[in-house]
file structure_18.cif (mmCIF, C-alpha atoms)
data_model
loop_
_atom_site.label_atom_id
_atom_site.label_comp_id
_atom_site.auth_asym_id
_atom_site.auth_seq_id
_atom_site.Cartn_x
_atom_site.Cartn_y
_atom_site.Cartn_z
CA MET A 6 58.77 117.42 74.81
CA THR A 7 61.80 116.17 76.63
CA THR A 8 65.33 117.38 76.42
CA THR A 9 68.27 115.03 76.73
CA VAL A 10 71.35 116.53 78.23
CA THR A 11 74.53 114.86 77.11
CA GLU A 12 78.15 115.46 77.93
CA PRO A 13 79.60 117.46 75.03
CA PHE A 14 82.98 115.74 75.27
CA GLY A 15 81.92 112.26 76.30
CA PRO A 16 81.65 110.97 79.85
CA LEU A 17 84.29 112.36 82.18
CA ASP A 18 85.73 110.15 84.87
CA PRO A 19 84.26 111.47 88.11
CA PHE A 20 87.34 110.30 89.99
CA ALA A 21 89.88 112.99 90.90
CA HIS A 22 93.34 112.21 92.28
CA PRO A 23 95.49 115.31 92.75
CA ALA A 24 98.94 115.34 94.35
CA LEU A 25 99.41 118.26 96.74
CA PHE A 26 103.03 119.42 96.94
CA TYR A 27 103.96 121.24 100.17
CA ARG A 28 107.17 122.49 101.78
CA ASP A 29 106.09 123.37 105.32
CA GLU A 30 103.23 123.20 107.80
CA GLN A 31 101.60 126.38 106.54
CA GLU A 32 101.48 125.15 102.96
CA TYR A 33 100.20 121.81 104.25
CA LEU A 34 97.29 123.45 106.04
CA ASP A 35 96.67 125.91 103.17
CA GLY A 36 96.24 122.94 100.85
CA THR A 37 94.39 120.46 103.03
CA LEU A 38 92.02 122.56 105.18
CA PRO A 39 90.00 124.15 102.35
CA PHE A 40 89.71 120.67 100.77
CA VAL A 41 88.24 119.28 104.00
CA ARG A 42 85.99 122.29 104.69
CA ASP A 43 84.65 122.44 101.12
CA GLY A 44 83.75 118.77 101.42
CA LEU A 45 82.00 119.22 104.75
CA GLU A 46 80.07 122.24 103.43
CA ALA A 47 78.93 120.20 100.43
CA GLY A 48 77.74 117.45 102.76
CA GLU A 49 80.36 115.02 101.47
CA PRO A 50 81.84 112.34 103.74
CA VAL A 51 85.48 113.26 104.44
CA ALA A 52 88.37 111.12 105.67
CA VAL A 53 91.95 112.10 106.44
CA ALA A 54 94.58 109.34 106.51
CA VAL A 55 98.01 110.93 106.99
CA PRO A 56 101.03 110.39 109.28
CA GLY A 57 100.28 111.14 112.94
CA LYS A 58 102.10 114.49 113.14
CA ASN A 59 100.24 115.87 110.12
CA LEU A 60 97.01 114.35 111.39
CA ALA A 61 97.39 116.37 114.60
CA LEU A 62 97.96 119.55 112.56
CA ILE A 63 94.75 119.06 110.61
CA ARG A 64 92.73 117.97 113.65
CA ASP A 65 93.80 120.98 115.70
CA ALA A 66 93.14 123.41 112.86
CA LEU A 67 89.68 121.98 112.20
CA GLY A 68 88.59 122.35 115.81
CA ASP A 69 85.09 121.01 116.45
CA ALA A 70 84.65 120.13 112.78
CA ALA A 71 87.26 117.39 113.24
CA GLU A 72 84.59 115.28 114.94
CA THR A 73 82.75 114.91 111.63
CA VAL A 74 85.87 113.76 109.77
CA ARG A 75 87.22 110.19 109.81
CA LEU A 76 90.81 110.57 111.03
CA LEU A 77 93.38 107.79 110.63
CA ASP A 78 97.11 107.64 111.31
CA MET A 79 98.52 106.43 108.00
CA ARG A 80 101.67 105.17 109.74
CA GLU A 81 99.47 102.47 111.26
CA ALA A 82 96.52 102.06 108.87
CA GLY A 83 98.79 102.30 105.84
CA ARG A 84 102.03 100.86 107.15
CA ASN A 85 101.64 98.24 104.43
CA PRO A 86 100.87 100.24 101.25
CA GLY A 87 98.94 97.23 99.89
CA ARG A 88 96.48 97.62 102.75
CA ILE A 89 95.52 101.23 101.94
CA ILE A 90 93.11 100.70 99.03
CA PRO A 91 91.02 97.90 100.59
CA GLY A 92 91.52 98.75 104.28
CA VAL A 93 91.40 102.56 104.24
CA LEU A 94 90.18 104.14 100.98
CA ARG A 95 87.60 101.65 99.73
CA ALA A 96 86.63 100.73 103.30
CA PHE A 97 85.64 104.38 103.86
CA ALA A 98 84.19 105.08 100.40
CA ASP A 99 82.13 101.88 100.24
CA ALA A 100 80.56 102.56 103.65
CA GLN A 101 78.99 105.83 102.41
CA PRO A 102 75.56 106.16 100.76
CA ALA A 103 75.68 105.14 97.08
CA GLY A 104 76.19 108.02 94.68
CA ARG A 105 77.52 110.41 97.31
CA ARG A 106 80.92 111.90 96.38
CA VAL A 107 83.56 111.19 99.00
CA ARG A 108 86.71 113.16 99.79
CA ILE A 109 89.84 111.62 101.21
CA ILE A 110 93.26 112.99 102.01
CA GLY A 111 95.71 110.10 101.79
CA GLU A 112 99.43 110.52 102.48
CA PRO A 113 101.11 107.16 101.90
CA VAL A 114 104.59 108.52 101.13
CA TRP A 115 106.54 110.23 103.88
CA ALA A 116 110.20 110.99 104.56
CA GLY A 117 111.49 107.89 106.31
CA ARG A 118 109.73 105.29 104.18
CA SER A 119 112.39 102.64 103.63
CA GLY A 120 113.82 101.62 100.28
CA ILE A 121 112.05 98.28 100.72
CA GLU A 122 108.69 99.95 101.36
CA TYR A 123 108.87 102.62 98.67
CA PRO A 124 108.29 100.46 95.53
CA ALA A 125 105.06 99.25 97.16
CA CYS A 126 104.11 102.89 97.91
CA ALA A 127 104.63 103.97 94.29
CA GLN A 128 102.65 101.01 92.96
CA HIS A 129 99.89 101.74 95.45
CA GLU A 130 99.63 105.36 94.29
CA ALA A 131 99.50 104.21 90.67
CA LEU A 132 96.84 101.55 91.37
CA ILE A 133 94.50 104.00 93.13
CA ASN A 134 93.63 105.25 89.63
CA ALA A 135 92.47 101.80 88.53
CA ALA A 136 90.77 101.01 91.83
CA PHE A 137 88.65 104.20 91.77
CA GLN A 138 88.06 104.57 88.04
CA GLY A 139 84.51 105.76 87.43
CA ARG A 140 83.76 106.43 91.10
CA ALA A 141 82.59 109.76 92.51
CA ALA A 142 85.57 110.34 94.77
CA THR A 143 88.40 112.80 95.24
CA ILE A 144 91.60 111.53 96.82
CA MET A 145 94.23 114.20 97.49
CA CYS A 146 97.76 112.98 98.25
CA PRO A 147 100.12 115.40 100.01
CA TYR A 148 103.85 115.15 99.19
CA ASP A 149 106.47 116.83 101.38
CA VAL A 150 108.66 118.11 98.54
CA ALA A 151 111.10 119.75 100.97
CA ARG A 152 112.07 116.42 102.56
CA LEU A 153 111.26 113.67 100.06
CA PRO A 154 113.93 112.52 97.60
CA GLU A 155 113.52 114.00 94.13
CA ASP A 156 112.71 110.68 92.45
CA MET A 157 109.70 110.19 94.73
CA VAL A 158 108.36 113.61 93.72
CA THR A 159 109.00 112.76 90.07
CA ASP A 160 106.99 109.56 90.54
CA ALA A 161 104.10 111.57 91.96
CA TYR A 162 103.75 113.30 88.57
CA ALA A 163 103.39 109.85 86.99
CA THR A 164 100.89 108.48 89.52
CA HIS A 165 98.58 111.54 89.71
CA PRO A 166 96.63 112.97 86.77
CA THR A 167 96.80 116.43 88.34
CA VAL A 168 99.19 118.20 90.73
CA ILE A 169 98.93 121.27 92.97
CA HIS A 170 102.18 123.18 93.29
CA PRO A 171 103.43 124.65 96.59
CA GLY A 172 101.58 127.76 97.60
CA SER A 173 99.02 127.32 94.82
CA ARG A 174 95.38 126.28 95.03
CA ALA A 175 95.09 125.43 91.35
CA GLU A 176 95.24 121.89 90.00
CA GLN A 177 97.36 121.47 86.90
CA ASP A 178 97.28 118.49 84.56
CA SER A 179 100.36 116.31 84.88
CA ALA A 180 101.83 115.64 81.45
CA ALA A 181 103.88 112.80 82.94
CA PHE A 182 100.81 110.86 84.16
CA ALA A 183 101.52 107.20 83.34
CA PRO A 184 100.40 104.93 86.20
CA GLU A 185 100.88 101.65 84.30
CA ASP A 186 104.54 102.55 83.74
CA VAL A 187 105.03 103.04 87.48
CA VAL A 188 103.42 99.68 88.29
CA ALA A 189 105.77 98.02 85.78
CA ARG A 190 108.91 99.93 86.79
CA TYR A 191 108.51 99.05 90.48
CA ASN A 192 107.77 95.41 89.73
CA GLU A 193 111.29 94.77 91.00
CA ALA A 194 112.88 91.34 91.17
CA LEU A 195 113.04 89.78 94.64
CA PRO A 196 116.13 87.56 94.44
CA PRO A 197 116.18 84.53 96.78
CA VAL A 198 117.84 85.13 100.14
CA PRO A 199 120.47 82.36 100.37
CA GLU A 200 120.55 82.03 104.16
CA ALA A 201 116.76 81.69 104.49
CA LEU A 202 115.06 78.56 105.78
CA MET A 203 113.62 76.90 102.67
CA PHE A 204 110.76 74.43 102.21
CA ALA A 205 109.50 73.13 98.86
CA PHE A 206 105.81 72.26 99.12
CA ASP A 207 102.99 70.68 97.15
CA ALA A 208 99.37 69.85 97.95
CA ASP A 209 100.32 67.01 100.30
CA SER A 210 102.77 69.08 102.34
CA LEU A 211 100.70 72.29 102.67
CA PRO A 212 100.09 71.88 106.42
CA HIS A 213 103.79 71.16 106.95
CA ALA A 214 104.75 74.33 105.10
CA ARG A 215 102.69 76.31 107.59
CA HIS A 216 104.16 74.44 110.56
CA VAL A 217 107.68 75.07 109.27
CA ALA A 218 106.96 78.82 108.90
CA VAL A 219 105.40 79.06 112.36
CA GLY A 220 108.25 77.14 113.97
CA GLU A 221 110.85 79.38 112.37
CA GLY A 222 108.80 82.53 113.11
CA ALA A 223 108.59 81.59 116.79
CA ARG A 224 112.31 80.80 116.91
CA LEU A 225 113.01 84.24 115.41
CA GLY A 226 110.91 86.01 118.04
CA LEU A 227 107.38 86.35 116.67
CA VAL A 228 104.71 85.91 119.35
CA GLY A 229 100.95 86.16 119.78
CA VAL A 230 98.91 87.75 117.00
CA LYS A 231 101.97 88.26 114.81
CA LEU A 232 102.71 84.54 114.90
CA ASP A 233 99.05 83.77 114.09
CA ASP A 234 99.28 86.24 111.21
CA LEU A 235 102.40 84.54 109.87
CA ALA A 236 100.49 81.24 109.95
CA LEU A 237 97.52 82.75 108.08
CA ALA A 238 99.70 84.45 105.45
CA THR A 239 101.74 81.29 104.88
CA ALA A 240 98.59 79.19 104.54
CA GLU A 241 97.00 81.56 102.04
CA LEU A 242 100.08 82.07 99.87
CA THR A 243 101.06 78.39 99.78
CA THR A 244 97.45 77.33 99.09
CA ASN A 245 97.34 79.83 96.20
CA SER A 246 100.48 78.23 94.76
CA VAL A 247 98.89 74.79 94.91
CA VAL A 248 95.52 75.89 93.51
CA HIS A 249 96.51 78.64 91.04
CA GLY A 250 100.30 78.63 90.79
CA GLY A 251 101.13 75.33 89.16
CA GLY A 252 100.63 73.02 92.13
CA THR A 253 103.94 73.55 93.88
CA GLY A 254 106.02 76.34 95.33
CA VAL A 255 108.93 77.24 97.56
CA LEU A 256 108.52 78.84 100.99
CA ARG A 257 111.34 80.81 102.61
CA VAL A 258 111.46 82.40 106.06
CA TRP A 259 114.25 84.61 107.44
CA PRO A 260 114.92 87.49 109.84
CA GLU A 261 115.47 91.02 108.52
CA ASP A 262 116.09 93.83 111.01
CA GLY A 263 113.02 94.01 113.25
CA TYR A 264 110.97 91.71 111.05
CA VAL A 265 110.40 88.11 110.13
CA VAL A 266 110.01 87.78 106.37
CA CYS A 267 107.96 85.05 104.72
CA GLU A 268 108.20 84.48 100.97
CA VAL A 269 106.33 82.16 98.63
CA ARG A 270 107.58 81.63 95.09
CA ASP A 271 105.73 79.67 92.41
CA ASP A 272 105.33 79.28 88.64
CA GLY A 273 101.91 80.93 88.52
CA HIS A 274 100.97 84.17 86.79
CA LEU A 275 99.16 86.72 88.89
CA THR A 276 97.71 88.84 86.08
CA ASP A 277 95.14 90.88 88.04
CA VAL A 278 97.01 94.05 89.09
CA LEU A 279 94.39 94.75 91.77
CA ALA A 280 94.56 91.25 93.29
CA GLY A 281 94.28 91.56 97.05
CA ARG A 282 93.35 95.25 96.88
CA ARG A 283 89.61 95.00 96.28
CA PRO A 284 87.13 94.60 99.09
CA VAL A 285 85.23 91.38 98.37
CA PRO A 286 81.40 91.42 98.45
CA ARG A 287 80.09 89.53 101.47
CA ASP A 288 78.25 86.95 99.38
CA GLN A 289 81.23 86.09 97.16
CA ARG A 290 82.85 82.75 97.95
CA GLY A 291 86.64 82.70 97.89
CA GLY A 292 89.15 85.20 96.55
CA ARG A 293 90.14 86.71 99.90
CA GLY A 294 93.54 85.13 100.57
CA VAL A 295 95.81 87.88 99.25
CA LEU A 296 93.43 90.52 100.61
CA LEU A 297 93.85 89.06 104.09
CA VAL A 298 97.63 89.00 103.68
CA ASN A 299 97.54 92.70 102.73
CA LEU A 300 95.39 93.49 105.78
CA ILE A 301 97.62 91.73 108.33
CA ALA A 302 101.21 92.10 107.09
CA ASP A 303 103.41 95.10 107.88
CA LEU A 304 104.60 95.13 104.28
CA VAL A 305 103.85 93.06 101.19
CA ARG A 306 106.01 93.11 98.07
CA VAL A 307 105.12 91.20 94.91
CA HIS A 308 107.21 90.40 91.86
CA ARG A 309 105.42 89.14 88.76
CA SER A 310 107.35 87.78 85.79
CA ASP A 311 106.91 85.47 82.83
CA SER A 312 108.44 82.68 84.86
CA GLY A 313 106.31 83.05 87.98
CA THR A 314 105.18 85.04 90.97
CA THR A 315 106.95 85.88 94.23
CA VAL A 316 105.11 87.30 97.23
CA ARG A 317 107.13 88.48 100.21
CA CYS A 318 105.58 89.69 103.48
CA TRP A 319 107.08 91.25 106.58
CA PHE A 320 105.87 90.81 110.17
CA ALA A 321 107.27 92.99 112.96
CA ARG A 322 108.73 91.06 115.88
CA MET B 28 123.34 78.99 109.15
CA LYS B 29 123.54 78.17 105.42
CA ASN B 30 120.97 76.48 103.23
CA ARG B 31 118.79 74.95 105.84
CA HIS B 32 116.32 72.93 103.82
CA HIS B 33 113.36 71.08 105.17
CA LEU B 34 113.52 68.21 102.70
CA SER B 35 111.14 65.78 104.28
CA SER B 36 107.93 66.34 106.15
CA ALA B 37 107.68 64.75 109.54
CA GLY B 38 104.67 62.67 110.44
CA PRO B 39 101.31 62.19 108.77
CA VAL B 40 99.35 65.03 107.20
CA PRO B 41 96.99 66.51 109.81
CA GLY B 42 93.38 65.70 109.02
CA LEU B 43 90.06 66.80 110.41
CA ALA B 44 88.04 64.45 112.58
CA VAL B 45 84.44 65.20 113.50
CA PHE B 46 82.40 63.72 116.37
CA PRO B 47 78.75 64.31 117.35
CA LEU B 48 78.24 66.09 120.66
CA SER B 49 76.24 64.29 123.28
CA GLY B 50 73.34 66.11 124.85
CA ARG B 51 73.19 69.01 122.42
CA GLN B 52 73.01 69.62 118.68
CA GLY B 53 76.42 70.02 117.20
CA VAL B 54 79.82 68.53 116.58
CA ARG B 55 83.30 68.52 118.05
CA ALA B 56 86.05 68.83 115.46
CA ALA B 57 89.73 68.03 115.88
CA GLY B 58 92.60 68.80 113.53
CA GLU B 59 93.00 71.54 110.94
CA VAL B 60 90.80 73.20 108.34
CA GLY B 61 92.77 73.81 105.16
CA LEU B 62 92.78 72.87 101.50
CA THR B 63 93.05 69.13 102.18
CA THR B 64 90.25 69.07 104.78
CA ARG B 65 87.97 71.74 103.30
CA ALA B 66 85.45 69.26 101.89
CA ILE B 67 84.99 67.64 105.33
CA TRP B 68 84.48 71.06 106.95
CA GLU B 69 82.00 72.18 104.31
CA GLY B 70 80.10 68.92 104.76
CA VAL B 71 79.86 69.59 108.51
CA LEU B 72 78.51 73.08 107.85
CA GLU B 73 75.98 71.94 105.23
CA GLU B 74 74.66 69.39 107.70
CA ALA B 75 74.53 72.04 110.42
CA VAL B 76 72.45 74.37 108.24
CA ARG B 77 70.06 71.50 107.44
CA GLU B 78 69.61 70.48 111.10
CA GLY B 79 67.12 73.23 111.78
CA GLU B 80 67.96 73.62 115.47
CA ASP B 81 67.93 77.12 116.96
CA VAL B 82 71.45 76.70 118.23
CA TYR B 83 74.08 74.46 116.68
CA TYR B 84 77.36 74.00 118.54
CA LEU B 85 80.71 73.81 116.81
CA GLU B 86 83.21 72.75 119.46
CA LEU B 87 86.60 73.76 118.02
CA SER B 88 88.97 73.63 121.00
CA ASP B 89 90.91 70.81 119.30
CA VAL B 90 91.05 72.59 115.96
CA THR B 91 94.50 74.15 115.63
CA PHE B 92 94.03 76.17 112.44
CA VAL B 93 91.32 77.41 110.04
CA ASP B 94 92.31 79.08 106.78
CA VAL B 95 90.45 81.94 105.07
CA ALA B 96 88.38 79.63 102.85
CA GLY B 97 87.36 77.66 105.96
CA ALA B 98 86.30 80.86 107.70
CA GLY B 99 84.46 81.87 104.53
CA ALA B 100 82.57 78.57 104.46
CA LEU B 101 81.49 79.18 108.07
CA ALA B 102 80.38 82.76 107.27
CA ALA B 103 78.47 81.57 104.19
CA ALA B 104 76.74 78.81 106.14
CA ALA B 105 75.85 81.23 108.94
CA GLY B 106 74.46 83.60 106.32
CA GLN B 107 71.95 80.91 105.32
CA LEU B 108 70.51 80.65 108.83
CA ARG B 109 67.09 82.24 109.25
CA ASP B 110 64.70 83.08 112.05
CA GLY B 111 67.32 83.84 114.67
CA ARG B 112 69.09 80.49 114.33
CA ARG B 113 72.80 80.62 115.07
CA PHE B 114 76.05 78.69 115.33
CA VAL B 115 77.82 78.82 118.66
CA VAL B 116 81.52 78.46 117.84
CA ARG B 117 83.25 77.31 120.99
CA ARG B 118 86.93 78.01 121.65
CA PRO B 119 88.01 78.49 118.02
CA PRO B 120 91.69 78.89 117.12
CA ALA B 121 92.93 82.48 117.11
CA ALA B 122 93.33 82.46 113.34
CA LEU B 123 89.60 81.89 112.84
CA ARG B 124 88.60 84.74 115.14
CA ARG B 125 91.08 87.07 113.46
CA THR B 126 89.85 86.21 109.96
CA LEU B 127 86.19 86.58 110.90
CA ASP B 128 86.88 89.98 112.52
CA LEU B 129 88.79 91.27 109.50
CA LEU B 130 86.77 89.86 106.61
CA TRP B 131 83.28 89.18 107.99
CA PRO B 132 82.81 91.71 110.78
CA GLY B 133 79.39 91.54 112.39
CA GLN B 134 78.41 88.38 110.48
CA THR B 135 74.97 87.31 111.66
CA GLY B 136 74.42 83.74 112.80
CA ILE B 137 77.84 83.31 114.44
CA GLU B 138 78.35 83.54 118.19
CA VAL B 139 81.95 83.02 119.25
CA SER B 140 82.33 81.62 122.74
CA THR B 141 85.76 81.47 124.34
CA SER B 142 84.64 79.61 127.46
#
call {"tool": "encode", "arguments": {"input": "structure_18.cif", "output": "structure tokens"}}
result
Amino acid sequence: MTTTVTEPFGPLDPFAHPALFYRDEQEYLDGTLPFVRDGLEAGEPVAVAVPGKNLALIRDALGDAAETVRLLDMREAGRNPGRIIPGVLRAFADAQPAGRRVRIIGEPVWAGRSGIEYPACAQHEALINAAFQGRAATIMCPYDVARLPEDMVTDAYATHPTVIHPGSRAEQDSAAFAPEDVVARYNEALPPVPEALMFAFDADSLPHARHVAVGEGARLGLVGVKLDDLALATAELTTNSVVHGGGTGVLRVWPEDGYVVCEVRDDGHLTDVLAGRRPVPRDQRGGRGVLLVNLIADLVRVHRSDSGTTVRCWFAR
Amino acid sequence: MKNRHHLSSAGPVPGLAVFPLSGRQGVRAAGEVGLTTRAIWEGVLEEAVREGEDVYYLELSDVTFVDVAGAGALAAAAGQLRDGRRFVVRRPPAALRRTLDLLWPGQTGIEVSTS
């Protein structure tokens, strides 16, 4: 006789995504260290991707155990929030043995994130839920509630199904959890910059669009790898417009503080919310253009509307 | 500067020209690999896979750009090589090396030579 064990309340999503609210270094360590140590004791692969100063805190407190944890400075690995899912979280999780639960501390939002970066941060936090649905993983996201603006903390309740309050170890359900709303709310319009260099392209002028972007990027001070990256991003975004976005588009390039910004606007509809955020299986042909842009740019912002799609990317000069 | 528009494109669209190498199996390519030249590039790679030589040279010093799909076609072709066969990719543009490193790290069948 065999017995079938079934879940009494239906299958539970094995993915956990708590926000950890902290006000100081002690609360940071009280929240993160047990999470790391419990994972190591359970034989789970553990990664920590947080800003450098917090990374040093965790590394020093872990001592020798730090050598068994993947440590990444989120200010570099996650400078572009759109890079974090494919380049940090999935890159780590997918490299582990199948079926093994993974633990990751990911801190993509820190005091000092600019107003241009933050909408991409909030969307990233919301999209983690879709990207990891059904996977055996726990991703804990620390939030410095003493220094972050109140609206960013409010958003964390909407992007995380559970939250851990300062000084507490207990996860509480977040009644405000509504990740799709956050993705929609931060789908902010990117109005054209009037003083930008502009080039309208179609299939025949694709190579010229890239040459125009590279020429302007070089004139504005991009060199070396950053100039190559501008060329790659321009090629991928303009090619997408020709192939998927109605056949034509408009390229703009301009300087903004320490960056050169490249924007491609077309009439296409980018419906896949995780476009450019999924690692692509090695044997799949195509579908890597936006992923590459996310991996190389310092920031990517996207605006999707009924009338078209705008992708804007920043390259530090 | 206000409203600087590039209204016309200067010169002909860059193509991709391919020449057989003398003295060794392979080709020298000149131009760009992008949407408009992808079919030519894929044809070169299909032929290279069929050749059956242990080493097939792709001399790319006169190729100024390869897009992600072009890099993907190279990775896919290299993935079809068996029995230790490989492509030697000579002096590729920086964009190709960067794309291969980021999206196809450790791809078998591709040896990048910068000399």
call {"tool": "resolve_selection", "arguments": {"input": "structure_18.cif", "expression": "the PyMOL selection byres ((chain A) within 7 of (chain B))", "output": "ChimeraX atom specification"}}
result
/A:199-204,210,212-213,233,237,240,244,290-291,294
call {"tool": "residues_around", "arguments": {"input": "structure_18.cif", "residues": "Asp110 (chain B)", "least_positions_apart": "3", "cutoff": "12 Å", "atoms": "all atoms listed in the file", "output": "compact mmCIF listing (two decimals) with C-alpha atoms, in the coordinates of the input"}}
result
# COMPACT_ATOMS: atom_id res chain seq x y z
CA GLY B 79 67.12 73.23 111.78
CA GLU B 80 67.96 73.62 115.47
CA ASP B 81 67.93 77.12 116.96
CA VAL B 82 71.45 76.70 118.23
CA ALA B 105 75.85 81.23 108.94
CA GLY B 106 74.46 83.60 106.32
CA GLN B 107 71.95 80.91 105.32
CA ARG B 113 72.80 80.62 115.07
CA THR B 135 74.97 87.31 111.66
CA GLY B 136 74.42 83.74 112.80
call {"tool": "resolve_selection", "arguments": {"input": "structure_18.cif", "expression": "the PyMOL selection byres ((chain A and resi 182) around 8)", "output": "list in words"}}
result
Tyr162, Ala163, Thr164, His165, Pro166, Ser179, Ala180, Ala181, Ala183 and Pro184 of chain A
call {"tool": "residues_around", "arguments": {"input": "structure_18.cif", "residues": "Leu85 (chain B)", "least_positions_apart": "2", "cutoff": "10 Å", "atoms": "only C-alpha atoms", "output": "list in words"}}
result
Val45, Pro47, Leu48, Gln52, Gly53, Val54, Arg55, Ala56, Val71, Leu72, Ala75, Val82, Tyr83, Leu87, Ser88, Phe114, Val115, Val116, Arg117, Arg118, Pro119, Val139 and Ser140 of chain B
call {"tool": "write_last_selection", "arguments": {"input": "structure_18.cif", "atoms": "C-alpha atoms", "output": "PDB file, in the frame of the given file"}}
result
ATOM      1  CA  VAL B  45      84.440  65.200 113.500  1.00  0.00           C
ATOM      2  CA  PRO B  47      78.750  64.310 117.350  1.00  0.00           C
ATOM      3  CA  LEU B  48      78.240  66.090 120.660  1.00  0.00           C
ATOM      4  CA  GLN B  52      73.010  69.620 118.680  1.00  0.00           C
ATOM      5  CA  GLY B  53      76.420  70.020 117.200  1.00  0.00           C
ATOM      6  CA  VAL B  54      79.820  68.530 116.580  1.00  0.00           C
ATOM      7  CA  ARG B  55      83.300  68.520 118.050  1.00  0.00           C
ATOM      8  CA  ALA B  56      86.050  68.830 115.460  1.00  0.00           C
ATOM      9  CA  VAL B  71      79.860  69.590 108.510  1.00  0.00           C
ATOM     10  CA  LEU B  72      78.510  73.080 107.850  1.00  0.00           C
ATOM     11  CA  ALA B  75      74.530  72.040 110.420  1.00  0.00           C
ATOM     12  CA  VAL B  82      71.450  76.700 118.230  1.00  0.00           C
ATOM     13  CA  TYR B  83      74.080  74.460 116.680  1.00  0.00           C
ATOM     14  CA  LEU B  87      86.600  73.760 118.020  1.00  0.00           C
ATOM     15  CA  SER B  88      88.970  73.630 121.000  1.00  0.00           C
ATOM     16  CA  PHE B 114      76.050  78.690 115.330  1.00  0.00           C
ATOM     17  CA  VAL B 115      77.820  78.820 118.660  1.00  0.00           C
ATOM     18  CA  VAL B 116      81.520  78.460 117.840  1.00  0.00           C
ATOM     19  CA  ARG B 117      83.250  77.310 120.990  1.00  0.00           C
ATOM     20  CA  ARG B 118      86.930  78.010 121.650  1.00  0.00           C
ATOM     21  CA  PRO B 119      88.010  78.490 118.020  1.00  0.00           C
ATOM     22  CA  VAL B 139      81.950  83.020 119.250  1.00  0.00           C
ATOM     23  CA  SER B 140      82.330  81.620 122.740  1.00  0.00           C
TER      24      SER B 140
END
call {"tool": "atom_distance", "arguments": {"input": "structure_18.cif", "atom1": "CA of Ser173 (chain A)", "atom2": "CA of Gly68 (chain A)"}}
result
24.0 Å
call {"tool": "atom_distance", "arguments": {"input": "structure_18.cif", "atom1": "CA of Asp271 (chain A)", "atom2": "CA of Ser312 (chain A)"}}
result
8.6 Å
call {"tool": "resolve_selection", "arguments": {"input": "structure_18.cif", "expression": "the PyMOL selection byres ((chain A and resi 160) around 12)", "output": "NGL selection string"}}
result
:A and (24 or 114 or 123-124 or 126-131 or 148 or 150 or 153-159 or 161-166 or 168 or 179 or 181-188 or 190-191)
call {"tool": "atom_distance", "arguments": {"input": "structure_18.cif", "atom1": "CA of Phe46 (chain B)", "atom2": "CA of Gly70 (chain B)"}}
result
12.9 Å
call {"tool": "residues_around", "arguments": {"input": "structure_18.cif", "residues": "Gly252 (chain A)", "least_positions_apart": "5", "cutoff": "12 Å", "atoms": "all atoms listed in the file", "output": "VMD selection string"}}
result
chain A and resid 205 to 211 242 to 247 270 to 273
call {"tool": "write_last_selection", "arguments": {"input": "structure_18.cif", "atoms": "C-alpha atoms", "output": "tab-separated table (two decimals), keeping the file's coordinate frame"}}
result
chain	number	residue	atom	x	y	z
A	205	ALA	CA	109.50	73.13	98.86
A	206	PHE	CA	105.81	72.26	99.12
A	207	ASP	CA	102.99	70.68	97.15
A	208	ALA	CA	99.37	69.85	97.95
A	209	ASP	CA	100.32	67.01	100.30
A	210	SER	CA	102.77	69.08	102.34
A	211	LEU	CA	100.70	72.29	102.67
A	242	LEU	CA	100.08	82.07	99.87
A	243	THR	CA	101.06	78.39	99.78
A	244	THR	CA	97.45	77.33	99.09
A	245	ASN	CA	97.34	79.83	96.20
A	246	SER	CA	100.48	78.23	94.76
A	247	VAL	CA	98.89	74.79	94.91
A	270	ARG	CA	107.58	81.63	95.09
A	271	ASP	CA	105.73	79.67	92.41
A	272	ASP	CA	105.33	79.28	88.64
A	273	GLY	CA	101.91	80.93	88.52
call {"tool": "residues_around", "arguments": {"input": "structure_18.cif", "residues": "Thr315 (chain A)", "least_positions_apart": "6", "cutoff": "10 Å", "atoms": "only C-alpha atoms", "output": "ChimeraX atom specification"}}
result
/A:194-197,242,254-256,268-275,306-309
call {"tool": "closest_residue", "arguments": {"input": "structure_18.cif", "among": "B:Ser49, B:Leu101, B:Arg109, B:Ile137", "to": "Glu74 (chain B)", "atoms": "all atoms listed in the file"}}
result
B:Leu101
call {"tool": "closest_residue", "arguments": {"input": "structure_18.cif", "among": "A:Glu81, A:Val93, A:Pro86, A:Gly120", "to": "Glu193 (chain A)", "atoms": "all atoms listed in the file"}}
result
A:Gly120
call {"tool": "residues_near_point", "arguments": {"input": "structure_18.cif", "point": "(97.2, 86.9, 95.5)", "cutoff": "9 Å", "atoms": "only C-alpha atoms", "output": "PyMOL selection string"}}
result
chain A and resi 241-242+245+275+277+280-281+292-296+298+316
call {"tool": "write_last_selection", "arguments": {"input": "structure_18.cif", "atoms": "C-alpha atoms", "output": "PDB file, keeping the file's coordinate frame"}}
result
ATOM      1  CA  GLU A 241      97.000  81.560 102.040  1.00  0.00           C
ATOM      2  CA  LEU A 242     100.080  82.070  99.870  1.00  0.00           C
ATOM      3  CA  ASN A 245      97.340  79.830  96.200  1.00  0.00           C
ATOM      4  CA  LEU A 275      99.160  86.720  88.890  1.00  0.00           C
ATOM      5  CA  ASP A 277      95.140  90.880  88.040  1.00  0.00           C
ATOM      6  CA  ALA A 280      94.560  91.250  93.290  1.00  0.00           C
ATOM      7  CA  GLY A 281      94.280  91.560  97.050  1.00  0.00           C
ATOM      8  CA  GLY A 292      89.150  85.200  96.550  1.00  0.00           C
ATOM      9  CA  ARG A 293      90.140  86.710  99.900  1.00  0.00           C
ATOM     10  CA  GLY A 294      93.540  85.130 100.570  1.00  0.00           C
ATOM     11  CA  VAL A 295      95.810  87.880  99.250  1.00  0.00           C
ATOM     12  CA  LEU A 296      93.430  90.520 100.610  1.00  0.00           C
ATOM     13  CA  VAL A 298      97.630  89.000 103.680  1.00  0.00           C
ATOM     14  CA  VAL A 316     105.110  87.300  97.230  1.00  0.00           C
TER      15      VAL A 316
END
